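Source file: run-v8.txt; contents: compact mmCIF, C-alpha atoms.
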```
# COMPACT_ATOMS: atom_id res chain seq x y z
CA MET A 1 77.02 69.22 100.04
CA THR A 2 75.20 65.93 99.83
CA CYS A 3 76.75 62.50 100.09
CA LYS A 4 76.26 62.00 96.35
CA GLY A 5 78.17 65.25 95.72
CA GLY A 6 81.05 64.00 97.87
CA VAL A 7 81.17 60.72 95.96
CA LYS A 8 81.24 62.61 92.65
CA ILE A 9 84.15 64.74 93.85
CA PHE A 10 85.97 61.62 95.08
CA LEU A 11 85.51 59.87 91.73
CA LEU A 12 86.58 63.01 89.84
CA LEU A 13 89.78 63.24 91.92
CA LEU A 14 90.44 59.55 91.38
CA ILE A 15 90.05 59.93 87.61
CA ILE A 16 92.47 62.89 87.67
CA ILE A 17 95.02 60.77 89.55
CA VAL A 18 94.61 57.92 87.07
CA VAL A 19 95.02 60.23 84.08
CA GLY A 20 98.06 61.90 85.67
CA LEU A 21 99.76 58.59 86.43
CA SER A 22 98.94 57.35 82.95
CA ALA A 23 100.52 60.43 81.38
CA VAL A 24 103.69 59.94 83.43
CA MET A 25 103.86 56.27 82.55
CA PHE A 26 103.30 56.85 78.83
CA SER A 27 105.98 59.54 78.82
CA PHE A 28 108.51 56.79 79.59
CA ASP A 29 107.23 54.71 76.64
CA ASP A 30 106.62 51.70 78.84
CA HIS A 31 103.03 50.75 78.06
CA GLY A 32 103.11 47.65 80.27
CA ILE A 33 103.65 49.73 83.43
CA ALA A 34 100.99 52.23 82.40
CA GLU A 35 98.43 49.53 81.66
CA ASN A 36 99.13 47.90 85.02
CA VAL A 37 98.63 51.20 86.84
CA GLN A 38 95.43 51.87 84.86
CA ASN A 39 94.07 48.42 85.73
CA LYS A 40 94.79 49.03 89.41
CA ALA A 41 93.09 52.42 89.19
CA GLN A 42 89.99 50.85 87.62
CA GLU A 43 89.98 48.38 90.51
CA ALA A 44 90.12 51.36 92.86
CA LEU A 45 87.12 52.92 91.10
CA ARG A 46 85.14 49.73 91.62
CA ASP A 47 86.15 49.27 95.24
CA GLY A 48 86.30 52.95 96.16
CA GLY A 49 88.73 52.18 98.99
CA GLU A 50 91.49 54.54 100.04
CA LYS A 51 93.91 51.65 100.62
CA VAL A 52 93.67 50.61 96.99
CA ILE A 53 94.21 54.22 95.87
CA ASP A 54 97.28 54.52 98.11
CA LYS A 55 98.59 51.21 96.73
CA VAL A 56 98.11 52.41 93.14
CA ALA A 57 99.90 55.67 93.87
CA GLU A 58 102.80 53.84 95.53
CA GLU A 59 103.10 51.34 92.66
CA GLY A 60 103.17 54.25 90.23
CA ARG A 61 105.96 55.98 92.20
CA VAL A 62 107.96 52.74 92.38
CA ALA A 63 107.49 52.06 88.65
CA VAL A 64 108.60 55.60 87.77
CA GLY A 65 111.61 55.29 90.09
CA GLU A 66 112.63 51.99 88.54
CA LYS A 67 112.30 53.40 85.05
CA LEU A 68 114.49 56.38 85.98
CA LYS A 69 117.15 54.02 87.32
CA GLU A 70 117.02 51.98 84.11
CA THR A 71 117.52 55.04 81.93
CA GLY A 72 120.24 56.41 84.18
CA GLU A 73 118.61 59.80 84.56
CA LYS A 74 119.68 61.98 87.47
CA MET A 75 117.00 64.24 88.87
CA MET A 76 117.40 67.36 90.92
CA THR A 77 116.21 67.08 94.49
CA VAL A 78 113.31 69.45 93.94
CA GLU A 79 111.73 66.85 91.70
CA ASN A 80 112.36 63.71 93.71
CA ASN A 81 112.47 65.00 97.32
CA ASP A 82 115.76 63.20 97.93
CA PRO A 83 118.25 66.01 98.49
CA GLY A 84 122.00 65.92 98.25
CA VAL A 85 123.71 67.16 101.39
CA TYR A 86 125.29 70.29 102.77
CA GLN A 87 127.01 69.65 106.07
CA LYS A 88 130.25 69.98 107.97
CA TYR A 89 133.09 67.93 106.52
CA ASP A 90 133.31 64.33 107.72
CA GLU A 91 135.96 62.14 106.08
CA ASN A 92 133.88 59.01 106.82
CA ILE A 93 130.95 60.15 104.66
CA VAL A 94 132.76 61.36 101.54
CA ALA A 95 132.73 57.96 99.81
CA GLN A 96 128.92 57.80 99.96
CA TYR A 97 128.38 60.37 97.19
CA GLU A 98 129.37 60.42 93.53
CA LYS A 99 130.19 64.16 93.53
CA ASN A 100 131.91 65.70 96.56
CA ILE A 101 132.66 69.38 97.01
CA LEU A 102 134.81 70.78 99.82
CA PHE A 103 133.91 74.39 100.65
CA PHE A 104 136.73 76.01 102.63
CA THR A 105 134.87 78.63 104.64
CA ALA A 106 135.54 80.98 107.55
CA SER A 107 133.10 82.69 109.90
CA TRP A 108 135.00 85.98 109.51
CA CYS A 109 134.73 85.89 105.68
CA PRO A 110 131.69 87.94 104.47
CA SER A 111 131.47 86.19 101.08
CA CYS A 112 131.75 82.77 102.80
CA VAL A 113 128.91 83.70 105.16
CA GLU A 114 126.81 84.81 102.17
CA ALA A 115 127.55 81.55 100.31
CA ASP A 116 126.70 79.48 103.40
CA LYS A 117 123.39 81.32 103.80
CA ASN A 118 122.53 80.81 100.11
CA ILE A 119 123.49 77.14 100.08
CA LEU A 120 121.33 76.50 103.14
CA ALA A 121 118.40 78.34 101.51
CA GLN A 122 118.89 76.39 98.25
CA LYS A 123 119.67 73.03 99.84
CA ASN A 124 116.78 71.38 97.99
CA MET A 125 118.52 72.22 94.70
CA ILE A 126 121.59 70.11 95.50
CA PRO A 127 121.55 67.08 93.17
CA THR A 128 121.04 63.72 94.85
CA ILE A 129 124.48 62.55 93.71
CA MET A 130 126.24 65.48 95.36
CA ALA A 131 127.51 66.48 98.78
CA ILE A 132 128.88 69.89 99.71
CA TYR A 133 131.04 69.85 102.83
CA ALA A 134 131.75 73.01 104.79
CA VAL A 135 135.39 72.85 105.90
CA ASP A 136 136.50 75.25 108.63
CA TYR A 137 139.35 77.11 106.93
CA ASP A 138 141.04 78.01 110.22
CA ALA A 139 140.78 74.59 111.88
CA ALA A 140 141.37 72.22 108.93
CA VAL A 141 145.11 72.81 108.53
CA GLN A 142 145.80 69.28 107.24
CA LEU A 143 143.11 69.53 104.55
CA ARG A 144 144.36 72.99 103.53
CA GLU A 145 147.85 71.55 103.14
CA LYS A 146 146.66 68.44 101.30
CA TYR A 147 144.74 70.49 98.72
CA HIS A 148 147.13 73.49 98.73
CA ILE A 149 144.43 75.94 99.83
CA ASP A 150 145.79 79.45 100.34
CA LYS A 151 142.56 81.39 100.80
CA GLN A 152 139.08 80.89 102.18
CA HIS A 153 136.00 80.69 99.93
CA THR A 154 137.67 78.00 97.82
CA PHE A 155 135.76 75.01 96.45
CA VAL A 156 137.50 71.73 95.65
CA GLN A 157 135.73 68.85 93.92
CA ILE A 158 137.16 65.50 95.01
CA ASP A 159 136.45 61.94 93.94
CA GLN A 160 135.35 59.22 96.34
CA SER A 161 138.99 58.47 97.21
CA GLY A 162 139.70 62.09 98.10
CA ASN A 163 141.66 62.98 94.96
CA GLU A 164 141.20 66.50 93.61
CA ILE A 165 139.25 66.78 90.37
CA THR A 166 138.92 70.57 90.01
CA ARG A 167 138.87 73.77 92.09
CA TRP A 168 137.42 77.28 91.92
CA THR A 169 136.64 80.24 94.14
CA ASN A 170 133.83 82.60 95.07
CA SER A 171 130.70 80.63 94.15
CA THR A 172 127.74 81.89 96.17
CA THR A 173 124.83 79.74 94.93
CA VAL A 174 124.11 76.05 94.49
CA GLU A 175 123.51 76.64 90.79
CA ASP A 176 126.99 78.14 90.39
CA ILE A 177 128.60 75.32 92.38
CA VAL A 178 126.84 72.68 90.26
CA SER A 179 127.96 74.46 87.08
CA HIS A 180 131.61 73.94 88.08
CA MET A 181 131.27 70.21 88.75
CA GLN A 182 132.99 67.80 86.43
```

Encoding of this model in structure tokens:
Amino acid sequence: MTCKGGVKIFLLLLIIIVVGLSAVMFSFDDHGIAENVQNKAQEALRDGGEKVIDKVAEEGRVAVGEKLKETGEKMMTVENNDPGVYQKYDENIVAQYEKNILFFTASWCPSCVEADKNILAQKNMIPTIMAIYAVDYDAAVQLREKYHIDKQHTFVQIDQSGNEITRWTNSTTVEDIVSHMQ
């Protein structure tokens, strides 16, 4: 490959990036953002510098993020790389998320072990507004009493103050857990 061939490939990739960013921007019906990104991309074509290209890409990501906040859309973590959480229960963290699910689990419970394995494998599907907390059924006596839990593999959705919203049993996938959220 000659140097001229490399430059052609670089310019072709840059044009693809510009067109892609433009399509995303126009899909939000905000022509001002799209025009700004296009102008920056044209500047990048003239200068040919990687720093300008990186700056254009970052400005496009920021503009898209701001537009999503304005419209109030909630994206799944697969799309925005900002996952919700699945971790052991910690009462100090609960108030940080809009949707909180307590999963009363036990190591001796085969369906709990299966659910834990699936949730870990599907962790990137947990919505950004959601946290799933694994609560040790045997050790968390006070939480079991507070929420009147009489069997393992029970899910309880709570608000940010710890009040119960809803409950269900036997979910084994993130998709099923999300479907029960209110």

**OP:** Find the residues near range 147-151 of chain A: any atom within 12 Å, counting only C-alpha atoms, skip ones fewer than 2 places away on the same chain, and give them as a PyMOL selection string.
**Re:** chain A and resi 102-106+109+112+135-138+140-145+153-158+162-170

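Put simply, CA of Glu98 in chain A is 15.5 Å away from CA of Ser179 in chain A.
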
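Counting only C-alpha atoms, the residue from A:Pro127, A:Gln152, A:Tyr89, A:Val94 that sits nearest to Ser111 in chain A is A:Gln152.
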
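Interatomic distance, CA of Asp90 in chain A against CA of Glu114 in chain A: 22.2 Å.
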
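Distances here use only C-alpha atoms; by that measure, the residue among A:Ile119, A:Ile132, A:Ile93, A:Ala139 closest to Glu175 in chain A is A:Ile119.
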